[in-house]
There are 2 protein chains.
Amino acid sequence: MKNNEAITKREDDFAKWYTDIVRAAHLADYSSVKGCIVIEPNGYAIWEKMQEILDKEFKRLGHVNCQMPSLIPENLLKKEGELVEGFAPEVAWVTEGGQKPLEERLCIRPTSETLFCDYYRTHIKSYRDLPKLYNQWCNVLRWEKETRPFLRSREFLWQEGHTLHETKEEAEKETDQMMGVYHWFFNEILAIPSIRGKKTEKEKFAGAEYTLTNEALMYNGVALQAGTSHFFGQKFSKAYEVTFTDRNNQETFPYQTSWGTTTRMIGGLIMVHSDDYGLVLPPKIAPKQVVIIPIGKDERVNQLALEYQNLFLENDITTYIDDTEKSPGFKFAEAEVNGIPVRIEIGARDLEKNQVTFVRRDTREKLVVPINTNILEYTKEILDIIQRDMYERAKKRRDDLTFNAHNLDQMASILNKQPGFIHAMWCGKVECEEKIKEIRGCKSRCILEKAEKIDEKCVCCGEDAKHHVVWGIQY
Amino acid sequence: MKNNEAITKREDDFAKWYTDIVRAAHLADYSSVKGCIVIEPNGYAIWEKMQEILDKEFKRLGHVNCQMPSLIPENLLKKEGELVEGFAPEVAWVTEGGQKPLEERLCIRPTSETLFCDYYRTHIKSYRDLPKLYNQWCNVLRWEKETRPFLRSREFLWQEGHTLHETKEEAEKETDQMMGVYHWFFNEILAIPSIRGKKTEKEKFAGAEYTLTNEALMYNGVALQAGTSHFFGQKFSKAYEVTFTDRNNQETFPYQTSWGTTTRMIGGLIMVHSDDYGLVLPPKIAPKQVVIIPIGKDERVNQLALEYQNLFLENDITTYIDDTEKSPGFKFAEAEVNGIPVRIEIGARDLEKNQVTFVRRDTREKLVVPINTNILEYTKEILDIIQRDMYERAKKRRDDLTFNAHNLDQMASILNKQPGFIHAMWCGKVECEEKIKEIRGCKSRCILEKAEKIDEKCVCCGEDAKHHVVWGIQY
């Protein structure tokens, strides 16, 4: 079967294949606003599904949503030195409003630590007001030079959690807990195997004491940061003068965290799972899990299609019947390019043989199923199998592209052949990170919590190694 | 019972009462960003509930969500003359990005007709691509001079539907249908009786052929526009060169609509239903419908509280137990100020008498209920009764503040005594609208579809009347 829209082969040109998938599946498109994209309904539906699942989990853990302004006055942004240094080069400034120049310019939020601190400052008084477990879903702007739909654009959508705690322990527990949520979401829901660890000092979030990260590997061996969780200690609360009266009646500073995930996850989904025929979505994140395609005009066929649809919908399997005027072949290709996990084809000739055809999107395998099968159970099982198989295939691919390196030459020779995750020991010095970066821009992805002690010495300088680090070329 | 936070009496100072409610119920607060507010978790939860209900209805009617950029290049905004005239005075301009002045300034979207047209222009080719039924939930900015939480602020949240149709009839049907959704939402969900009609030429949306509106009356007799739906004809599609090939193979312009509702609805909810004790929410929009307050430390009490909670949650009644360390009196007042529709108090002494106490938030009535009652059915019934009673009370209030006027003196004398809805006939001339506006800024709210012919002549000039209009002083 051929697709109705030309998709470059993944092996030929990965970058072009990626943008072809984005366009062919109608996920997003460029806009007349330089650097900004339009998230089209098919793409936005994936984001809505991501929001639904994450939001439910955030709330289960006691978080509540709110909404801060999207503008930040310059003086407010400047209060925390590292943050402003980190973000100042990439903000957009509003300088006119209501036909007048503004007295103070306002930047469009690149992230909202400043606004949350400003709010918390006047809203906490005592330890009884803690913890504050706030999150917001919103748009942010960072003035990027390149544009790649979902991966890099000046505006993107995200969620940013900002929490305040009485004690260091509680805040660190929160930082770790939310990284756990992201790790679960990537592995269990997006079927993307990923690695948890800590960012190095060089790679941590501007202003954080430390940053936890979840790192995934794309099909082409390039790494993608997939969710980060930051522990701020009292840094921001001191800079923004957020204080509370503790249990000993002392005025003190709360401990703070923030954590976020973005529409970039959609890019990750594509780059891990899709193929030359279009989008492939794990059933747990697919906005529509099953499409039923009746073939020909036949009352019994339509009847059975409707029956299946109702059965599935009643059991929370998102389903639709494609009863448009298009040809069956066109409908098949469309369902395929859009990544619907399961396609059920029902034709009059099939019915005569008392069978229907299931097609798995991930393997494109055709399964002829007798109609006296328990179709609901069969469909549930197929969806589970697809989810599991997609994870296993992604894991195998990642493992195939994961290497150990014992010295710099080895690291270079691996990365020059094929990007991937490189496990190697590191002394902890930024000079070594910088030297390693000379190899195709390779960066430390994260410091593993459970070190394997591949070597005694740093992969770069040969001095005593402190950390087991995963390295990679990143998006 | 007294509130834990001072709320000005509604009869004494309505404006202050309103902001006191917003603060006391922790719905929103001012921010360090002039003109912008923080929507706090209690307020945002109401918005989430509004989104959930409206979004489900939009989707049931075939709409899909997407996301356009939040910035609009100046040349794009300027393509439709009336729109730019209407919005230019109140936009904010981004003039610097990435530490450089921009070649072309970008405004933050005050509304997104321009961006949707720009997108549709390259995405529709044939009648087969129509209709396009897109909606987005997002933030918009309008550079207002005053700030009143939810009612008027520089930034607010809303949904904006933008649809494209093959024929005029279909587009007009959509315009009317979506006004129907808003009317249903206000009456059935928010328990706010409201009037449907058409805006006059003077009051319609900049660039629309006509605007349908839903108009509500606040407790103080001031009118609030509550959802609008615009028919654009081919105006925008011509200005933005959006064309398609019709069934006769002719290149032609599609017909367009847009429709929106905003976080202002939260302001309306407050001003229609709340009282001197705090927020009052209709059960259908209350994020939490029932609070259970166990009194004293008693195992049987806690057991019953938990049992009720589980029973309610299983039956989709949002419920929580307030088992914090606060005193019962404090908990009662907090539930009251936050507008939880039903409060259930369970104490050991009650249990000895085989009873529990229900308290209705709307009437503050205490209901002693034998514990052998079917508590689930009883609670459902109470919630239904509260919803209905709140609507009826709001309707009675509105009707009490609705008057007929036969001449300008009458209109002035009514409005000078008490703002409200004034029904009066109108000739259709803008001069008369302007003259009427001299009475405390009174504006036409809408032209009623079903005219009652109160008089033969215009209330202002005495010439032949064309329309039955509802007038009022607005927020």
# chains A, B, ... in the order shown; residues from 1 in each chain; ligands from 1
call {"tool": "select_by_dssp", "arguments": {"residues": "segment 197-428 of chain B", "states": "helix (DSSP H, G or I)", "output": "PyMOL selection string"}}
result
chain B and resi 235-239+264-273+299-314+328-337+348-352+375-400+408-417
call {"tool": "closest_atom_pairs", "arguments": {"of": "segment 258-293 of chain A", "to": "segment 204-212 of chain A", "cutoff": "12 Å", "atoms": "only C-alpha atoms", "output": "CSV"}}
result
residue,atom,partner,partner_atom,distance
A:Ser258,CA,A:Ala208,CA,9.1
A:Trp259,CA,A:Leu212,CA,9.1
A:Gly260,CA,A:Leu212,CA,11.0
call {"tool": "closest_atom_pairs", "arguments": {"of": "chain B", "to": "chain A", "cutoff": "7 Å", "atoms": "only C-alpha atoms", "output": "tab-separated table"}}
result
residue	atom	partner	partner_atom	distance
B:Val33	CA	A:Pro73	CA	6.4
B:Cys36	CA	A:Pro69	CA	6.0
B:Ile37	CA	A:Pro69	CA	6.4
B:Val38	CA	A:Met68	CA	4.8
B:Ile39	CA	A:Gln67	CA	5.0
B:Glu40	CA	A:Cys66	CA	5.1
B:Pro41	CA	A:Cys66	CA	4.7
B:Tyr44	CA	A:Cys66	CA	5.4
B:Val64	CA	A:Pro41	CA	6.0
B:Asn65	CA	A:Pro41	CA	5.5
B:Cys66	CA	A:Pro41	CA	4.7
B:Gln67	CA	A:Ile39	CA	5.0
B:Met68	CA	A:Val38	CA	4.8
B:Pro69	CA	A:Cys36	CA	6.0
B:Leu71	CA	A:Val33	CA	6.9
B:Ile72	CA	A:Val33	CA	6.5
B:Pro73	CA	A:Val33	CA	6.4
B:Pro89	CA	A:Gly98	CA	5.3
B:Glu90	CA	A:Gly98	CA	4.6
B:Val91	CA	A:Gly98	CA	5.7
B:Ala92	CA	A:Gly97	CA	4.1
B:Trp93	CA	A:Glu96	CA	5.1
B:Val94	CA	A:Val94	CA	4.2
B:Thr95	CA	A:Val94	CA	6.2
B:Glu96	CA	A:Trp93	CA	5.1
B:Gly97	CA	A:Ala92	CA	4.1
B:Gly98	CA	A:Glu90	CA	4.6
B:Gln99	CA	A:Pro89	CA	5.8
B:Trp143	CA	A:Gly98	CA	5.2
call {"tool": "select_by_dssp", "arguments": {"residues": "segment 212-402 of chain B", "states": "strand (DSSP E)", "output": "PyMOL selection string"}}
result
chain B and resi 212-217+223-233+244-245+251-252+255-262+290-295+319-321+342-347+355-360+366-370+402
call {"tool": "residues_around", "arguments": {"residues": "segment 161-168 of chain A", "least_positions_apart": "6", "cutoff": "10 Å", "atoms": "only C-alpha atoms", "output": "mmCIF file with N, CA, C and O atoms, in the first residue's frame"}}
result
data_model
loop_
_atom_site.group_PDB
_atom_site.id
_atom_site.type_symbol
_atom_site.label_atom_id
_atom_site.label_comp_id
_atom_site.auth_asym_id
_atom_site.auth_seq_id
_atom_site.Cartn_x
_atom_site.Cartn_y
_atom_site.Cartn_z
ATOM 1 N N PHE A 58 -1.330 14.772 38.454
ATOM 2 C CA PHE A 58 -0.923 15.916 39.291
ATOM 3 C C PHE A 58 -1.962 16.135 40.401
ATOM 4 O O PHE A 58 -1.615 16.359 41.558
ATOM 5 N N HIS A 63 -2.005 18.464 43.701
ATOM 6 C CA HIS A 63 -1.742 19.745 43.049
ATOM 7 C C HIS A 63 -3.027 20.397 42.547
ATOM 8 O O HIS A 63 -3.995 19.707 42.242
ATOM 9 N N VAL A 64 -3.003 21.715 42.475
ATOM 10 C CA VAL A 64 -4.146 22.456 41.934
ATOM 11 C C VAL A 64 -3.643 23.375 40.825
ATOM 12 O O VAL A 64 -2.483 23.793 40.822
ATOM 13 N N ASN A 65 -4.530 23.678 39.886
ATOM 14 C CA ASN A 65 -4.158 24.554 38.770
ATOM 15 C C ASN A 65 -4.532 26.003 39.034
ATOM 16 O O ASN A 65 -5.489 26.290 39.749
ATOM 17 N N CYS A 66 -3.768 26.900 38.438
ATOM 18 C CA CYS A 66 -4.059 28.320 38.539
ATOM 19 C C CYS A 66 -3.585 28.974 37.254
ATOM 20 O O CYS A 66 -3.158 28.280 36.326
ATOM 21 N N SER A 112 7.785 30.830 34.560
ATOM 22 C CA SER A 112 7.061 31.711 35.488
ATOM 23 C C SER A 112 7.512 31.679 36.946
ATOM 24 O O SER A 112 6.747 32.058 37.835
ATOM 25 N N GLU A 113 8.736 31.244 37.223
ATOM 26 C CA GLU A 113 9.211 31.264 38.613
ATOM 27 C C GLU A 113 8.987 32.634 39.252
ATOM 28 O O GLU A 113 8.540 32.739 40.399
ATOM 29 N N PHE A 116 5.287 33.326 40.133
ATOM 30 C CA PHE A 116 4.827 32.503 41.257
ATOM 31 C C PHE A 116 5.411 33.029 42.566
ATOM 32 O O PHE A 116 4.714 33.136 43.566
ATOM 33 N N CYS A 117 6.704 33.386 42.536
ATOM 34 C CA CYS A 117 7.318 33.928 43.761
ATOM 35 C C CYS A 117 6.626 35.217 44.180
ATOM 36 O O CYS A 117 6.351 35.430 45.357
ATOM 37 N N TYR A 120 3.349 34.197 45.707
ATOM 38 C CA TYR A 120 3.512 33.515 47.000
ATOM 39 C C TYR A 120 3.931 34.510 48.099
ATOM 40 O O TYR A 120 3.549 34.362 49.251
ATOM 41 N N ILE A 124 1.637 33.671 51.547
ATOM 42 C CA ILE A 124 1.928 32.727 52.631
ATOM 43 C C ILE A 124 2.395 33.515 53.844
ATOM 44 O O ILE A 124 3.137 34.491 53.737
ATOM 45 N N SER A 126 2.239 31.612 57.277
ATOM 46 C CA SER A 126 2.642 30.666 58.310
ATOM 47 C C SER A 126 2.858 29.289 57.699
ATOM 48 O O SER A 126 2.457 29.030 56.555
ATOM 49 N N TYR A 127 3.489 28.411 58.440
ATOM 50 C CA TYR A 127 3.696 27.028 57.982
ATOM 51 C C TYR A 127 2.365 26.348 57.677
ATOM 52 O O TYR A 127 2.308 25.393 56.915
ATOM 53 N N ARG A 128 1.281 26.890 58.261
ATOM 54 C CA ARG A 128 -0.040 26.331 57.989
ATOM 55 C C ARG A 128 -0.468 26.554 56.542
ATOM 56 O O ARG A 128 -1.337 25.874 56.028
ATOM 57 N N ASP A 129 0.144 27.549 55.902
ATOM 58 C CA ASP A 129 -0.191 27.821 54.492
ATOM 59 C C ASP A 129 0.609 26.935 53.529
ATOM 60 O O ASP A 129 0.447 27.037 52.308
ATOM 61 N N LEU A 130 1.483 26.110 54.076
ATOM 62 C CA LEU A 130 2.334 25.266 53.225
ATOM 63 C C LEU A 130 1.904 23.807 53.322
ATOM 64 O O LEU A 130 1.322 23.420 54.313
ATOM 65 N N PRO A 131 2.216 22.964 52.340
ATOM 66 C CA PRO A 131 2.844 23.338 51.077
ATOM 67 C C PRO A 131 1.863 24.043 50.133
ATOM 68 O O PRO A 131 0.661 23.940 50.302
ATOM 69 N N LYS A 132 2.427 24.745 49.145
ATOM 70 C CA LYS A 132 1.635 25.273 48.033
ATOM 71 C C LYS A 132 2.003 24.393 46.836
ATOM 72 O O LYS A 132 3.186 24.308 46.468
ATOM 73 N N LEU A 133 1.026 23.735 46.280
ATOM 74 C CA LEU A 133 1.298 22.790 45.181
ATOM 75 C C LEU A 133 0.552 23.258 43.934
ATOM 76 O O LEU A 133 -0.492 22.716 43.580
ATOM 77 N N TYR A 134 1.087 24.295 43.281
ATOM 78 C CA TYR A 134 0.394 24.913 42.154
ATOM 79 C C TYR A 134 1.012 24.487 40.820
ATOM 80 O O TYR A 134 2.219 24.255 40.708
ATOM 81 N N ASN A 135 0.156 24.437 39.826
ATOM 82 C CA ASN A 135 0.589 24.119 38.464
ATOM 83 C C ASN A 135 -0.183 25.019 37.506
ATOM 84 O O ASN A 135 -1.284 25.457 37.813
ATOM 85 N N GLN A 136 0.401 25.309 36.348
ATOM 86 C CA GLN A 136 -0.409 25.954 35.313
ATOM 87 C C GLN A 136 -0.091 25.383 33.936
ATOM 88 O O GLN A 136 1.034 24.985 33.654
ATOM 89 N N TRP A 137 -1.113 25.327 33.102
ATOM 90 C CA TRP A 137 -1.004 24.942 31.696
ATOM 91 C C TRP A 137 -1.069 26.233 30.903
ATOM 92 O O TRP A 137 -2.045 26.982 31.033
ATOM 93 N N GLU A 174 9.379 16.189 46.683
ATOM 94 C CA GLU A 174 8.500 16.642 45.595
ATOM 95 C C GLU A 174 9.243 16.634 44.253
ATOM 96 O O GLU A 174 8.718 16.173 43.243
ATOM 97 N N THR A 175 10.464 17.162 44.262
ATOM 98 C CA THR A 175 11.277 17.195 43.029
ATOM 99 C C THR A 175 11.416 15.792 42.462
ATOM 100 O O THR A 175 11.236 15.571 41.254
ATOM 101 N N MET A 178 7.886 14.242 41.232
ATOM 102 C CA MET A 178 7.389 14.714 39.945
ATOM 103 C C MET A 178 8.233 14.164 38.796
ATOM 104 O O MET A 178 7.712 13.891 37.715
ATOM 105 N N SER A 229 12.696 18.388 36.417
ATOM 106 C CA SER A 229 12.165 18.751 37.727
ATOM 107 C C SER A 229 13.302 19.414 38.502
ATOM 108 O O SER A 229 14.383 18.838 38.631
ATOM 109 N N HIS A 230 13.057 20.640 38.966
ATOM 110 C CA HIS A 230 14.129 21.428 39.574
ATOM 111 C C HIS A 230 13.937 21.633 41.068
ATOM 112 O O HIS A 230 12.839 21.942 41.514
ATOM 113 N N PHE A 231 15.029 21.512 41.791
ATOM 114 C CA PHE A 231 15.036 21.860 43.216
ATOM 115 C C PHE A 231 15.750 23.199 43.356
ATOM 116 O O PHE A 231 16.893 23.346 42.930
ATOM 117 N N PHE A 232 15.039 24.194 43.914
ATOM 118 C CA PHE A 232 15.605 25.537 44.009
ATOM 119 C C PHE A 232 16.191 25.850 45.383
ATOM 120 O O PHE A 232 16.784 26.915 45.555
ATOM 121 N N GLY A 233 15.969 24.964 46.346
ATOM 122 C CA GLY A 233 16.354 25.322 47.703
ATOM 123 C C GLY A 233 15.629 26.601 48.100
ATOM 124 O O GLY A 233 14.446 26.767 47.794
ATOM 125 N N GLN A 234 16.355 27.533 48.729
ATOM 126 C CA GLN A 234 15.744 28.806 49.146
ATOM 127 C C GLN A 234 16.193 29.960 48.248
ATOM 128 O O GLN A 234 16.007 31.127 48.584
ATOM 129 N N SER A 237 13.238 32.025 46.918
ATOM 130 C CA SER A 237 12.461 32.621 48.006
ATOM 131 C C SER A 237 13.264 33.736 48.667
ATOM 132 O O SER A 237 12.701 34.740 49.088
ATOM 133 N N VAL A 242 10.246 35.808 49.848
ATOM 134 C CA VAL A 242 9.090 35.004 50.245
ATOM 135 C C VAL A 242 9.432 34.374 51.585
ATOM 136 O O VAL A 242 10.397 33.617 51.686
ATOM 137 N N PHE A 244 7.937 32.829 55.648
ATOM 138 C CA PHE A 244 6.805 32.378 56.462
ATOM 139 C C PHE A 244 7.277 32.174 57.899
ATOM 140 O O PHE A 244 8.476 32.072 58.168
ATOM 141 N N THR A 245 6.315 32.135 58.796
ATOM 142 C CA THR A 245 6.623 31.885 60.204
ATOM 143 C C THR A 245 6.578 30.384 60.437
ATOM 144 O O THR A 245 5.551 29.756 60.218
ATOM 145 N N ASP A 246 7.702 29.822 60.855
ATOM 146 C CA ASP A 246 7.758 28.366 61.001
ATOM 147 C C ASP A 246 7.189 27.902 62.352
ATOM 148 O O ASP A 246 6.669 28.711 63.123
ATOM 149 N N ARG A 247 7.269 26.607 62.611
ATOM 150 C CA ARG A 247 6.664 26.030 63.819
ATOM 151 C C ARG A 247 7.309 26.551 65.114
ATOM 152 O O ARG A 247 6.734 26.423 66.189
ATOM 153 N N THR A 252 11.166 32.535 58.275
ATOM 154 C CA THR A 252 12.153 31.801 57.487
ATOM 155 C C THR A 252 11.727 31.680 56.021
ATOM 156 O O THR A 252 10.620 32.064 55.658
ATOM 157 N N PHE A 253 12.646 31.164 55.198
ATOM 158 C CA PHE A 253 12.372 31.060 53.753
ATOM 159 C C PHE A 253 11.911 29.651 53.394
ATOM 160 O O PHE A 253 12.539 28.669 53.811
ATOM 161 N N PRO A 254 10.861 29.527 52.583
ATOM 162 C CA PRO A 254 10.417 28.197 52.166
ATOM 163 C C PRO A 254 11.341 27.604 51.095
ATOM 164 O O PRO A 254 12.114 28.328 50.469
ATOM 165 N N TYR A 255 11.245 26.315 50.897
ATOM 166 C CA TYR A 255 11.988 25.602 49.847
ATOM 167 C C TYR A 255 11.073 25.418 48.645
ATOM 168 O O TYR A 255 9.876 25.187 48.800
ATOM 169 N N GLN A 256 11.687 25.515 47.464
ATOM 170 C CA GLN A 256 10.861 25.600 46.267
ATOM 171 C C GLN A 256 11.269 24.581 45.198
ATOM 172 O O GLN A 256 12.436 24.203 45.095
ATOM 173 N N THR A 257 10.293 24.187 44.394
ATOM 174 C CA THR A 257 10.575 23.321 43.238
ATOM 175 C C THR A 257 9.832 23.866 42.022
ATOM 176 O O THR A 257 8.900 24.643 42.159
ATOM 177 N N SER A 258 10.269 23.456 40.842
ATOM 178 C CA SER A 258 9.429 23.609 39.661
ATOM 179 C C SER A 258 9.695 22.444 38.727
ATOM 180 O O SER A 258 10.757 21.818 38.792
ATOM 181 N N TRP A 259 8.716 22.130 37.895
ATOM 182 C CA TRP A 259 8.818 20.960 37.013
ATOM 183 C C TRP A 259 7.918 21.164 35.816
ATOM 184 O O TRP A 259 6.862 21.774 35.911
ATOM 185 N N GLY A 260 8.381 20.692 34.650
ATOM 186 C CA GLY A 260 7.613 20.975 33.439
ATOM 187 C C GLY A 260 7.791 19.966 32.328
ATOM 188 O O GLY A 260 8.816 19.281 32.227
ATOM 189 N N THR A 261 6.748 19.891 31.505
ATOM 190 C CA THR A 261 6.800 19.130 30.255
ATOM 191 C C THR A 261 6.092 19.961 29.194
ATOM 192 O O THR A 261 5.210 20.756 29.518
#
call {"tool": "decode", "arguments": {"residues": "segment 445-459 of chain B", "atoms": "C-alpha atoms", "output": "PDB file, in the first residue's frame"}}
result
ATOM      1  CA  ARG B 445     -28.214  45.249  24.776  1.00  0.00           C
ATOM      2  CA  CYS B 446     -29.944  43.469  21.922  1.00  0.00           C
ATOM      3  CA  ILE B 447     -32.748  43.527  19.404  1.00  0.00           C
ATOM      4  CA  LEU B 448     -35.252  40.856  20.355  1.00  0.00           C
ATOM      5  CA  GLU B 449     -36.121  38.417  17.613  1.00  0.00           C
ATOM      6  CA  LYS B 450     -39.716  38.213  18.729  1.00  0.00           C
ATOM      7  CA  ALA B 451     -40.809  41.811  19.048  1.00  0.00           C
ATOM      8  CA  GLU B 452     -43.677  42.558  21.366  1.00  0.00           C
ATOM      9  CA  LYS B 453     -44.575  45.906  19.795  1.00  0.00           C
ATOM     10  CA  ILE B 454     -44.725  47.803  23.037  1.00  0.00           C
ATOM     11  CA  ASP B 455     -45.384  50.964  21.022  1.00  0.00           C
ATOM     12  CA  GLU B 456     -45.689  52.033  17.417  1.00  0.00           C
ATOM     13  CA  LYS B 457     -43.049  54.735  17.835  1.00  0.00           C
ATOM     14  CA  CYS B 458     -39.359  54.969  18.773  1.00  0.00           C
ATOM     15  CA  VAL B 459     -38.809  55.640  22.493  1.00  0.00           C
TER      16      VAL B 459
END
